[in-house]
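Have a look at model32.pdb below; it lists PDB, C-alpha atoms, pLDDT in the B column.
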```
ATOM      1  CA  MET A   1       0.847 -13.373 -20.792  1.00 71.00           C
ATOM      2  CA  THR A   2       2.893 -13.291 -17.626  1.00 76.00           C
ATOM      3  CA  ALA A   3       1.830 -11.312 -14.602  1.00 76.00           C
ATOM      4  CA  LEU A   4       3.485  -7.944 -14.088  1.00 89.00           C
ATOM      5  CA  VAL A   5       4.558  -7.179 -10.504  1.00 95.00           C
ATOM      6  CA  THR A   6       6.020  -3.781  -9.593  1.00 96.00           C
ATOM      7  CA  ILE A   7       7.131  -2.759  -6.096  1.00 96.00           C
ATOM      8  CA  ARG A   8       8.715   0.621  -5.436  1.00 97.00           C
ATOM      9  CA  ILE A   9       9.588   2.607  -2.336  1.00 97.00           C
ATOM     10  CA  GLN A  10      10.403   6.203  -3.173  1.00 97.00           C
ATOM     11  CA  GLN A  11      10.400   9.764  -1.922  1.00 97.00           C
ATOM     12  CA  ALA A  12       8.890  11.209  -5.095  1.00 98.00           C
ATOM     13  CA  ASP A  13       5.155  11.440  -5.678  1.00 97.00           C
ATOM     14  CA  PHE A  14       3.510   9.137  -8.209  1.00 98.00           C
ATOM     15  CA  ASP A  15       0.831   9.510 -10.874  1.00 98.00           C
ATOM     16  CA  ILE A  16      -1.985   6.997 -10.360  1.00 97.00           C
ATOM     17  CA  ALA A  17      -3.201   7.110 -13.975  1.00 97.00           C
ATOM     18  CA  GLU A  18       0.334   6.569 -15.255  1.00 97.00           C
ATOM     19  CA  GLU A  19       0.764   3.570 -12.961  1.00 98.00           C
ATOM     20  CA  ILE A  20      -2.493   2.027 -14.245  1.00 97.00           C
ATOM     21  CA  VAL A  21      -1.367   2.507 -17.864  1.00 97.00           C
ATOM     22  CA  THR A  22       1.988   0.862 -17.069  1.00 96.00           C
ATOM     23  CA  LEU A  23       0.201  -2.114 -15.508  1.00 96.00           C
ATOM     24  CA  THR A  24      -2.324  -2.606 -18.323  1.00 96.00           C
ATOM     25  CA  LYS A  25      -0.778  -1.305 -21.563  1.00 96.00           C
ATOM     26  CA  GLY A  26      -0.894  -3.889 -24.318  1.00 95.00           C
ATOM     27  CA  ARG A  27      -2.666  -6.423 -22.086  1.00 95.00           C
ATOM     28  CA  THR A  28      -5.768  -8.230 -23.280  1.00 95.00           C
ATOM     29  CA  ASP A  29      -6.015 -10.482 -20.214  1.00 95.00           C
ATOM     30  CA  VAL A  30      -6.972  -7.665 -17.803  1.00 96.00           C
ATOM     31  CA  GLY A  31     -10.688  -7.227 -17.199  1.00 96.00           C
ATOM     32  CA  ALA A  32     -10.479  -5.351 -13.889  1.00 97.00           C
ATOM     33  CA  VAL A  33      -8.083  -3.031 -12.098  1.00 98.00           C
ATOM     34  CA  VAL A  34      -8.692  -2.099  -8.491  1.00 98.00           C
ATOM     35  CA  SER A  35      -6.789   0.829  -7.078  1.00 98.00           C
ATOM     36  CA  PHE A  36      -6.304   2.010  -3.534  1.00 97.00           C
ATOM     37  CA  SER A  37      -4.512   5.272  -2.914  1.00 97.00           C
ATOM     38  CA  GLY A  38      -3.673   6.429   0.583  1.00 96.00           C
ATOM     39  CA  ILE A  39      -3.478  10.192   1.023  1.00 97.00           C
ATOM     40  CA  CYS A  40      -2.049  12.174   3.951  1.00 95.00           C
ATOM     41  CA  ARG A  41      -4.888  13.601   6.062  1.00 93.00           C
ATOM     42  CA  GLY A  42      -4.708  17.053   7.617  1.00 93.00           C
ATOM     43  CA  SER A  43      -6.014  15.927  10.995  1.00 90.00           C
ATOM     44  CA  GLU A  44      -6.131  13.032  13.397  1.00 85.00           C
ATOM     45  CA  GLY A  45      -9.204  13.334  15.546  1.00 82.00           C
ATOM     46  CA  SER A  46      -9.327  16.962  16.652  1.00 86.00           C
ATOM     47  CA  GLU A  47      -5.596  17.542  16.157  1.00 87.00           C
ATOM     48  CA  THR A  48      -4.281  19.259  13.013  1.00 92.00           C
ATOM     49  CA  ILE A  49      -1.436  17.385  11.331  1.00 93.00           C
ATOM     50  CA  ALA A  50       1.260  19.470   9.626  1.00 94.00           C
ATOM     51  CA  ALA A  51       3.065  16.501   8.036  1.00 96.00           C
ATOM     52  CA  LEU A  52       3.959  12.836   8.279  1.00 95.00           C
ATOM     53  CA  THR A  53       7.459  11.487   8.002  1.00 96.00           C
ATOM     54  CA  LEU A  54       7.693   7.873   6.928  1.00 95.00           C
ATOM     55  CA  GLU A  55      10.836   5.836   7.448  1.00 94.00           C
ATOM     56  CA  HIS A  56      11.621   2.307   6.333  1.00 93.00           C
ATOM     57  CA  TYR A  57      14.298  -0.334   6.530  1.00 88.00           C
ATOM     58  CA  PRO A  58      15.790  -0.301   2.981  1.00 90.00           C
ATOM     59  CA  GLY A  59      15.963  -3.724   1.391  1.00 90.00           C
ATOM     60  CA  MET A  60      13.875  -5.342   4.104  1.00 92.00           C
ATOM     61  CA  ALA A  61      10.763  -3.313   3.268  1.00 93.00           C
ATOM     62  CA  GLU A  62      10.945  -4.201  -0.431  1.00 93.00           C
ATOM     63  CA  ALA A  63      11.545  -7.895   0.360  1.00 94.00           C
ATOM     64  CA  GLU A  64       8.616  -8.046   2.787  1.00 93.00           C
ATOM     65  CA  ILE A  65       6.258  -6.354   0.348  1.00 95.00           C
ATOM     66  CA  ALA A  66       7.454  -8.711  -2.407  1.00 95.00           C
ATOM     67  CA  ARG A  67       6.753 -11.707  -0.161  1.00 94.00           C
ATOM     68  CA  HIS A  68       3.171 -10.541   0.390  1.00 93.00           C
ATOM     69  CA  ALA A  69       2.783  -9.721  -3.311  1.00 96.00           C
ATOM     70  CA  GLU A  70       3.776 -13.330  -4.084  1.00 95.00           C
ATOM     71  CA  THR A  71       1.155 -14.537  -1.589  1.00 95.00           C
ATOM     72  CA  ALA A  72      -1.493 -12.402  -3.312  1.00 96.00           C
ATOM     73  CA  MET A  73      -0.423 -13.672  -6.734  1.00 96.00           C
ATOM     74  CA  SER A  74      -0.708 -17.292  -5.583  1.00 96.00           C
ATOM     75  CA  ARG A  75      -3.972 -16.800  -3.671  1.00 96.00           C
ATOM     76  CA  TRP A  76      -5.933 -14.961  -6.394  1.00 97.00           C
ATOM     77  CA  PRO A  77      -5.833 -15.240 -10.195  1.00 97.00           C
ATOM     78  CA  LEU A  78      -4.109 -11.883 -10.736  1.00 97.00           C
ATOM     79  CA  THR A  79      -2.630 -10.701 -14.001  1.00 96.00           C
ATOM     80  CA  GLY A  80      -0.514  -8.100 -12.208  1.00 96.00           C
ATOM     81  CA  LEU A  81      -0.064  -5.839  -9.243  1.00 97.00           C
ATOM     82  CA  THR A  82       1.705  -2.627  -8.327  1.00 98.00           C
ATOM     83  CA  VAL A  83       2.665  -1.316  -4.895  1.00 97.00           C
ATOM     84  CA  VAL A  84       4.222   2.140  -4.597  1.00 98.00           C
ATOM     85  CA  HIS A  85       4.962   3.431  -1.083  1.00 97.00           C
ATOM     86  CA  ARG A  86       6.444   6.820  -0.360  1.00 97.00           C
ATOM     87  CA  VAL A  87       8.929   7.629   2.374  1.00 97.00           C
ATOM     88  CA  GLY A  88      10.199  10.934   3.686  1.00 97.00           C
ATOM     89  CA  ARG A  89       8.196  14.001   4.676  1.00 97.00           C
ATOM     90  CA  ILE A  90       4.651  14.073   3.274  1.00 97.00           C
ATOM     91  CA  VAL A  91       2.211  16.944   3.808  1.00 97.00           C
ATOM     92  CA  PRO A  92      -1.606  16.773   3.908  1.00 97.00           C
ATOM     93  CA  GLY A  93      -3.146  16.155   0.505  1.00 97.00           C
ATOM     94  CA  GLU A  94      -0.120  14.299  -0.868  1.00 98.00           C
ATOM     95  CA  ASN A  95      -0.095  10.637  -1.875  1.00 98.00           C
ATOM     96  CA  ILE A  96       1.387   8.092   0.533  1.00 97.00           C
ATOM     97  CA  VAL A  97       0.691   4.679  -0.965  1.00 97.00           C
ATOM     98  CA  LEU A  98      -0.767   3.072  -4.073  1.00 98.00           C
ATOM     99  CA  VAL A  99      -1.907  -0.518  -4.483  1.00 98.00           C
ATOM    100  CA  LEU A 100      -3.121  -1.675  -7.892  1.00 98.00           C
ATOM    101  CA  THR A 101      -4.340  -5.191  -8.574  1.00 98.00           C
ATOM    102  CA  ALA A 102      -5.324  -6.488 -11.989  1.00 98.00           C
ATOM    103  CA  SER A 103      -7.237  -9.637 -12.886  1.00 97.00           C
ATOM    104  CA  GLN A 104      -9.679 -10.948 -15.437  1.00 96.00           C
ATOM    105  CA  HIS A 105     -12.562 -10.406 -13.004  1.00 95.00           C
ATOM    106  CA  ARG A 106     -13.202  -7.800 -10.289  1.00 96.00           C
ATOM    107  CA  GLN A 107     -13.626 -10.037  -7.235  1.00 97.00           C
ATOM    108  CA  ALA A 108     -10.025 -11.282  -7.242  1.00 97.00           C
ATOM    109  CA  ALA A 109      -8.707  -7.762  -7.796  1.00 97.00           C
ATOM    110  CA  PHE A 110     -10.780  -6.335  -4.914  1.00 97.00           C
ATOM    111  CA  GLN A 111      -9.802  -9.086  -2.483  1.00 97.00           C
ATOM    112  CA  ALA A 112      -6.115  -8.951  -3.346  1.00 97.00           C
ATOM    113  CA  ALA A 113      -6.027  -5.146  -2.998  1.00 97.00           C
ATOM    114  CA  GLU A 114      -7.650  -5.376   0.432  1.00 96.00           C
ATOM    115  CA  PHE A 115      -5.247  -8.121   1.502  1.00 95.00           C
ATOM    116  CA  LEU A 116      -2.226  -6.061   0.449  1.00 96.00           C
ATOM    117  CA  MET A 117      -3.447  -2.866   2.120  1.00 94.00           C
ATOM    118  CA  ASP A 118      -4.253  -4.687   5.362  1.00 91.00           C
ATOM    119  CA  TYR A 119      -0.695  -6.045   5.337  1.00 90.00           C
ATOM    120  CA  LEU A 120       0.836  -2.631   4.565  1.00 89.00           C
ATOM    121  CA  LYS A 121      -1.117  -0.981   7.420  1.00 85.00           C
ATOM    122  CA  THR A 122      -0.142  -3.569  10.032  1.00 85.00           C
ATOM    123  CA  ASN A 123       3.074  -5.411   9.243  1.00 84.00           C
ATOM    124  CA  ALA A 124       5.135  -3.647   6.599  1.00 85.00           C
ATOM    125  CA  PRO A 125       8.410  -2.297   8.023  1.00 89.00           C
ATOM    126  CA  PHE A 126       7.504   1.396   7.895  1.00 91.00           C
ATOM    127  CA  TRP A 127       7.492   3.841  10.786  1.00 91.00           C
ATOM    128  CA  LYS A 128       5.313   6.945  10.749  1.00 92.00           C
ATOM    129  CA  ARG A 129       5.905  10.148  12.733  1.00 93.00           C
ATOM    130  CA  GLU A 130       3.273  12.904  12.888  1.00 93.00           C
ATOM    131  CA  GLU A 131       4.078  16.604  13.162  1.00 92.00           C
ATOM    132  CA  SER A 132       1.517  18.818  14.886  1.00 88.00           C
ATOM    133  CA  ALA A 133       1.367  21.973  17.006  1.00 85.00           C
ATOM    134  CA  ALA A 134       2.000  19.743  20.041  1.00 85.00           C
ATOM    135  CA  GLY A 135       5.277  18.459  18.539  1.00 85.00           C
ATOM    136  CA  THR A 136       6.175  15.186  16.876  1.00 88.00           C
ATOM    137  CA  SER A 137       5.117  11.684  17.880  1.00 81.00           C
ATOM    138  CA  TRP A 138       5.384   8.180  16.469  1.00 84.00           C
ATOM    139  CA  VAL A 139       2.087   6.709  15.269  1.00 82.00           C
ATOM    140  CA  GLU A 140       1.051   3.579  17.152  1.00 78.00           C
ATOM    141  CA  ALA A 141      -0.645   0.575  15.571  1.00 67.00           C
ATOM    142  CA  ARG A 142      -4.431   0.537  15.750  1.00 62.00           C
ATOM    143  CA  ASN A 143      -6.457  -2.457  16.942  1.00 65.00           C
ATOM    144  CA  ASN A 144      -8.953  -2.148  14.083  1.00 64.00           C
ATOM    145  CA  ASP A 145      -6.088  -2.399  11.557  1.00 53.00           C
ATOM    146  CA  ASP A 146      -4.824  -5.559  13.293  1.00 58.00           C
ATOM    147  CA  ALA A 147      -8.340  -7.044  13.252  1.00 64.00           C
ATOM    148  CA  ALA A 148      -8.687  -6.327   9.529  1.00 61.00           C
ATOM    149  CA  ALA A 149      -5.366  -8.056   8.781  1.00 60.00           C
ATOM    150  CA  ALA A 150      -6.201 -11.046  10.998  1.00 68.00           C
ATOM    151  CA  ARG A 151      -9.140 -12.049   8.798  1.00 73.00           C
ATOM    152  CA  TRP A 152      -6.740 -13.170   6.052  1.00 65.00           C
ATOM    153  CA  THR A 153      -5.106 -15.775   8.292  1.00 77.00           C
ATOM    154  CA  LYS A 154      -8.304 -17.283   9.731  1.00 59.00           C
ATOM    155  CA  SER A 155      -9.175 -20.813   8.652  1.00 43.00           C
TER
END
```

Written form, structure tokens:
Amino acid sequence: MTALVTIRIQQADFDIAEEIVTLTKGRTDVGAVVSFSGICRGSEGSETIAALTLEHYPGMAEAEIARHAETAMSRWPLTGLTVVHRVGRIVPGENIVLVLTASQHRQAAFQAAEFLMDYLKTNAPFWKREESAAGTSWVEARNNDDAAAARWTKS
């Protein structure tokens, strides 16, 4: 069976269970599915967050995610993967991102999911603006996210 790769950037919410069914339905070569879902928090430190607005560079974002998906597919024995990333205004409690990786065994699926999320947090062409009582501000990159992503390029 050939690997199934799905990449979507959308404003609409997504159903995690539905996405898993789409990835695995009719497959007998999948022994593990790892899922990561990012959800909008209601606070950052002591500050209450009213919403996040995510923007992206259409076309470029999809191509960059696809490039990293290809890297994951070549690096681990995956049977499929799904990346869904939302854009637009997202309020606390709503889904932001979903990464699903499928393989015959769990280790490859876990590692590939981590690799993809580390990339999405640090290098994917998305920009995030937080709304709070103090106003709106762009979210800066975090050093710990950069350190997590760097481990995939070490020899």

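You will find atom CA of A:Val97 at 10.0 Å from atom CA of A:Arg8.
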
Practice task
Please measure the separation of atom CA of A:Val84 and atom CA of A:Glu47, giving the value in Å to one decimal.
Solution key: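 Separating atom CA of A:Val84 from atom CA of A:Glu47 is a distance of 27.6 Å.
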
Exercise for the section: Record the distance separating atom CA of A:Thr136 and atom CA of A:Glu114, expressed in Å with one decimal. Expected result: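 Answer for the atom CA of A:Thr136 to atom CA of A:Glu114 separation: 29.7 Å.
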
Practice task
Excluding A:Thr79 and residues on its chain fewer than 2 positions from it, collect all residues at most 12 Å away from it, counting only C-alpha atoms, and give them as number ranges by chain.
Solution key: A: 1-6, 23-24, 27-34, 72-74, 76-77, 81-82, 100-106, 108-109, 112

Exercise for the section: Spell out the residues picked by the PyMOL selection byres ((chain A and resi 37) around 10) here, as an MDAnalysis selection string. Expected result: chainID A and resid 16 35:36 38:39 83:85 95:100 117

Practice task
Please write the residues picked by the PyMOL selection byres ((chain A and resi 91) around 8) on this file as a ChimeraX atom specification.
Solution key: /A:40,42,50-52,89-90,92-94

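When only C-alpha atoms are used to compute distances to A:Tyr57, the closest of the residues A:Val87, A:Thr71, A:Gly26, A:Glu140 turns out to be A:Val87.
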
Output: stretch 31-66 of chain A of the preceding structure, restricted to N, CA and C atoms, written as a PDB file, in the first residue's frame.
```pdb
ATOM      1  N   GLY A  31       0.040  -0.049  12.214  1.00  0.00           N
ATOM      2  CA  GLY A  31       0.008  -0.652  13.539  1.00  0.00           C
ATOM      3  C   GLY A  31       0.009   0.386  14.640  1.00  0.00           C
ATOM      4  N   ALA A  32       0.280   1.660  14.261  1.00  0.00           N
ATOM      5  CA  ALA A  32       0.342   2.735  15.254  1.00  0.00           C
ATOM      6  C   ALA A  32      -0.023   4.055  14.592  1.00  0.00           C
ATOM      7  N   VAL A  33      -0.789   4.852  15.310  1.00  0.00           N
ATOM      8  CA  VAL A  33      -1.067   6.231  14.910  1.00  0.00           C
ATOM      9  C   VAL A  33      -0.763   7.105  16.113  1.00  0.00           C
ATOM     10  N   VAL A  34       0.087   8.084  15.902  1.00  0.00           N
ATOM     11  CA  VAL A  34       0.379   9.063  16.945  1.00  0.00           C
ATOM     12  C   VAL A  34      -0.273  10.362  16.531  1.00  0.00           C
ATOM     13  N   SER A  35      -0.955  10.987  17.485  1.00  0.00           N
ATOM     14  CA  SER A  35      -1.601  12.259  17.182  1.00  0.00           C
ATOM     15  C   SER A  35      -1.120  13.335  18.148  1.00  0.00           C
ATOM     16  N   PHE A  36      -0.916  14.508  17.599  1.00  0.00           N
ATOM     17  CA  PHE A  36      -0.655  15.691  18.411  1.00  0.00           C
ATOM     18  C   PHE A  36      -1.674  16.728  17.987  1.00  0.00           C
ATOM     19  N   SER A  37      -2.393  17.267  18.964  1.00  0.00           N
ATOM     20  CA  SER A  37      -3.319  18.352  18.659  1.00  0.00           C
ATOM     21  C   SER A  37      -2.948  19.544  19.525  1.00  0.00           C
ATOM     22  N   GLY A  38      -2.751  20.673  18.874  1.00  0.00           N
ATOM     23  CA  GLY A  38      -2.466  21.918  19.569  1.00  0.00           C
ATOM     24  C   GLY A  38      -3.764  22.681  19.753  1.00  0.00           C
ATOM     25  N   ILE A  39      -3.989  23.158  20.967  1.00  0.00           N
ATOM     26  CA  ILE A  39      -5.235  23.831  21.321  1.00  0.00           C
ATOM     27  C   ILE A  39      -4.907  25.220  21.851  1.00  0.00           C
ATOM     28  N   CYS A  40      -5.709  26.201  21.509  1.00  0.00           N
ATOM     29  CA  CYS A  40      -5.499  27.581  21.961  1.00  0.00           C
ATOM     30  C   CYS A  40      -5.700  27.666  23.469  1.00  0.00           C
ATOM     31  N   ARG A  41      -4.654  28.133  24.172  1.00  0.00           N
ATOM     32  CA  ARG A  41      -4.738  28.330  25.623  1.00  0.00           C
ATOM     33  C   ARG A  41      -5.445  29.653  25.928  1.00  0.00           C
ATOM     34  N   GLY A  42      -5.958  29.750  27.140  1.00  0.00           N
ATOM     35  CA  GLY A  42      -6.630  30.970  27.578  1.00  0.00           C
ATOM     36  C   GLY A  42      -5.724  31.934  28.316  1.00  0.00           C
ATOM     37  N   SER A  43      -4.444  31.563  28.467  1.00  0.00           N
ATOM     38  CA  SER A  43      -3.517  32.467  29.146  1.00  0.00           C
ATOM     39  C   SER A  43      -2.100  32.209  28.678  1.00  0.00           C
ATOM     40  N   GLU A  44      -1.289  33.221  28.840  1.00  0.00           N
ATOM     41  CA  GLU A  44       0.149  33.120  28.598  1.00  0.00           C
ATOM     42  C   GLU A  44       0.804  33.727  29.819  1.00  0.00           C
ATOM     43  N   GLY A  45       1.378  32.861  30.646  1.00  0.00           N
ATOM     44  CA  GLY A  45       1.875  33.338  31.933  1.00  0.00           C
ATOM     45  C   GLY A  45       0.694  33.795  32.770  1.00  0.00           C
ATOM     46  N   SER A  46       0.768  35.024  33.262  1.00  0.00           N
ATOM     47  CA  SER A  46      -0.333  35.549  34.087  1.00  0.00           C
ATOM     48  C   SER A  46      -1.345  36.345  33.265  1.00  0.00           C
ATOM     49  N   GLU A  47      -1.106  36.479  31.968  1.00  0.00           N
ATOM     50  CA  GLU A  47      -1.986  37.280  31.124  1.00  0.00           C
ATOM     51  C   GLU A  47      -3.071  36.426  30.462  1.00  0.00           C
ATOM     52  N   THR A  48      -4.318  36.882  30.539  1.00  0.00           N
ATOM     53  CA  THR A  48      -5.434  36.201  29.899  1.00  0.00           C
ATOM     54  C   THR A  48      -5.422  36.507  28.406  1.00  0.00           C
ATOM     55  N   ILE A  49      -5.577  35.463  27.607  1.00  0.00           N
ATOM     56  CA  ILE A  49      -5.602  35.609  26.150  1.00  0.00           C
ATOM     57  C   ILE A  49      -7.049  35.496  25.676  1.00  0.00           C
ATOM     58  N   ALA A  50      -7.502  36.492  24.923  1.00  0.00           N
ATOM     59  CA  ALA A  50      -8.870  36.476  24.391  1.00  0.00           C
ATOM     60  C   ALA A  50      -8.949  35.663  23.099  1.00  0.00           C
ATOM     61  N   ALA A  51      -7.882  35.729  22.281  1.00  0.00           N
ATOM     62  CA  ALA A  51      -7.866  35.002  21.012  1.00  0.00           C
ATOM     63  C   ALA A  51      -6.476  35.064  20.409  1.00  0.00           C
ATOM     64  N   LEU A  52      -6.249  34.176  19.458  1.00  0.00           N
ATOM     65  CA  LEU A  52      -5.058  34.203  18.611  1.00  0.00           C
ATOM     66  C   LEU A  52      -5.523  34.405  17.188  1.00  0.00           C
ATOM     67  N   THR A  53      -4.763  35.143  16.423  1.00  0.00           N
ATOM     68  CA  THR A  53      -5.009  35.228  14.992  1.00  0.00           C
ATOM     69  C   THR A  53      -3.760  34.710  14.302  1.00  0.00           C
ATOM     70  N   LEU A  54      -3.939  33.684  13.493  1.00  0.00           N
ATOM     71  CA  LEU A  54      -2.821  33.103  12.763  1.00  0.00           C
ATOM     72  C   LEU A  54      -2.919  33.484  11.297  1.00  0.00           C
ATOM     73  N   GLU A  55      -1.796  33.945  10.765  1.00  0.00           N
ATOM     74  CA  GLU A  55      -1.693  34.291   9.356  1.00  0.00           C
ATOM     75  C   GLU A  55      -0.628  33.414   8.718  1.00  0.00           C
ATOM     76  N   HIS A  56      -0.726  33.237   7.413  1.00  0.00           N
ATOM     77  CA  HIS A  56       0.271  32.446   6.699  1.00  0.00           C
ATOM     78  C   HIS A  56       0.484  33.022   5.306  1.00  0.00           C
ATOM     79  N   TYR A  57       1.507  32.526   4.662  1.00  0.00           N
ATOM     80  CA  TYR A  57       1.808  32.914   3.293  1.00  0.00           C
ATOM     81  C   TYR A  57       1.246  31.803   2.412  1.00  0.00           C
ATOM     82  N   PRO A  58       0.055  32.019   1.786  1.00  0.00           N
ATOM     83  CA  PRO A  58      -0.584  30.952   1.002  1.00  0.00           C
ATOM     84  C   PRO A  58       0.345  30.412  -0.092  1.00  0.00           C
ATOM     85  N   GLY A  59       0.325  29.129  -0.257  1.00  0.00           N
ATOM     86  CA  GLY A  59       1.178  28.474  -1.241  1.00  0.00           C
ATOM     87  C   GLY A  59       2.534  28.133  -0.645  1.00  0.00           C
ATOM     88  N   MET A  60       3.193  29.109  -0.068  1.00  0.00           N
ATOM     89  CA  MET A  60       4.495  28.871   0.541  1.00  0.00           C
ATOM     90  C   MET A  60       4.360  27.977   1.771  1.00  0.00           C
ATOM     91  N   ALA A  61       3.368  28.240   2.605  1.00  0.00           N
ATOM     92  CA  ALA A  61       3.187  27.453   3.823  1.00  0.00           C
ATOM     93  C   ALA A  61       2.934  25.986   3.482  1.00  0.00           C
ATOM     94  N   GLU A  62       2.058  25.722   2.533  1.00  0.00           N
ATOM     95  CA  GLU A  62       1.759  24.352   2.135  1.00  0.00           C
ATOM     96  C   GLU A  62       3.010  23.659   1.577  1.00  0.00           C
ATOM     97  N   ALA A  63       3.761  24.384   0.735  1.00  0.00           N
ATOM     98  CA  ALA A  63       4.971  23.815   0.129  1.00  0.00           C
ATOM     99  C   ALA A  63       6.025  23.497   1.185  1.00  0.00           C
ATOM    100  N   GLU A  64       6.195  24.369   2.152  1.00  0.00           N
ATOM    101  CA  GLU A  64       7.177  24.143   3.214  1.00  0.00           C
ATOM    102  C   GLU A  64       6.777  22.961   4.099  1.00  0.00           C
ATOM    103  N   ILE A  65       5.505  22.880   4.425  1.00  0.00           N
ATOM    104  CA  ILE A  65       5.047  21.740   5.230  1.00  0.00           C
ATOM    105  C   ILE A  65       5.218  20.451   4.430  1.00  0.00           C
ATOM    106  N   ALA A  66       4.901  20.484   3.144  1.00  0.00           N
ATOM    107  CA  ALA A  66       5.060  19.301   2.293  1.00  0.00           C
ATOM    108  C   ALA A  66       6.520  18.868   2.231  1.00  0.00           C
TER     109      ALA A  66
END
```
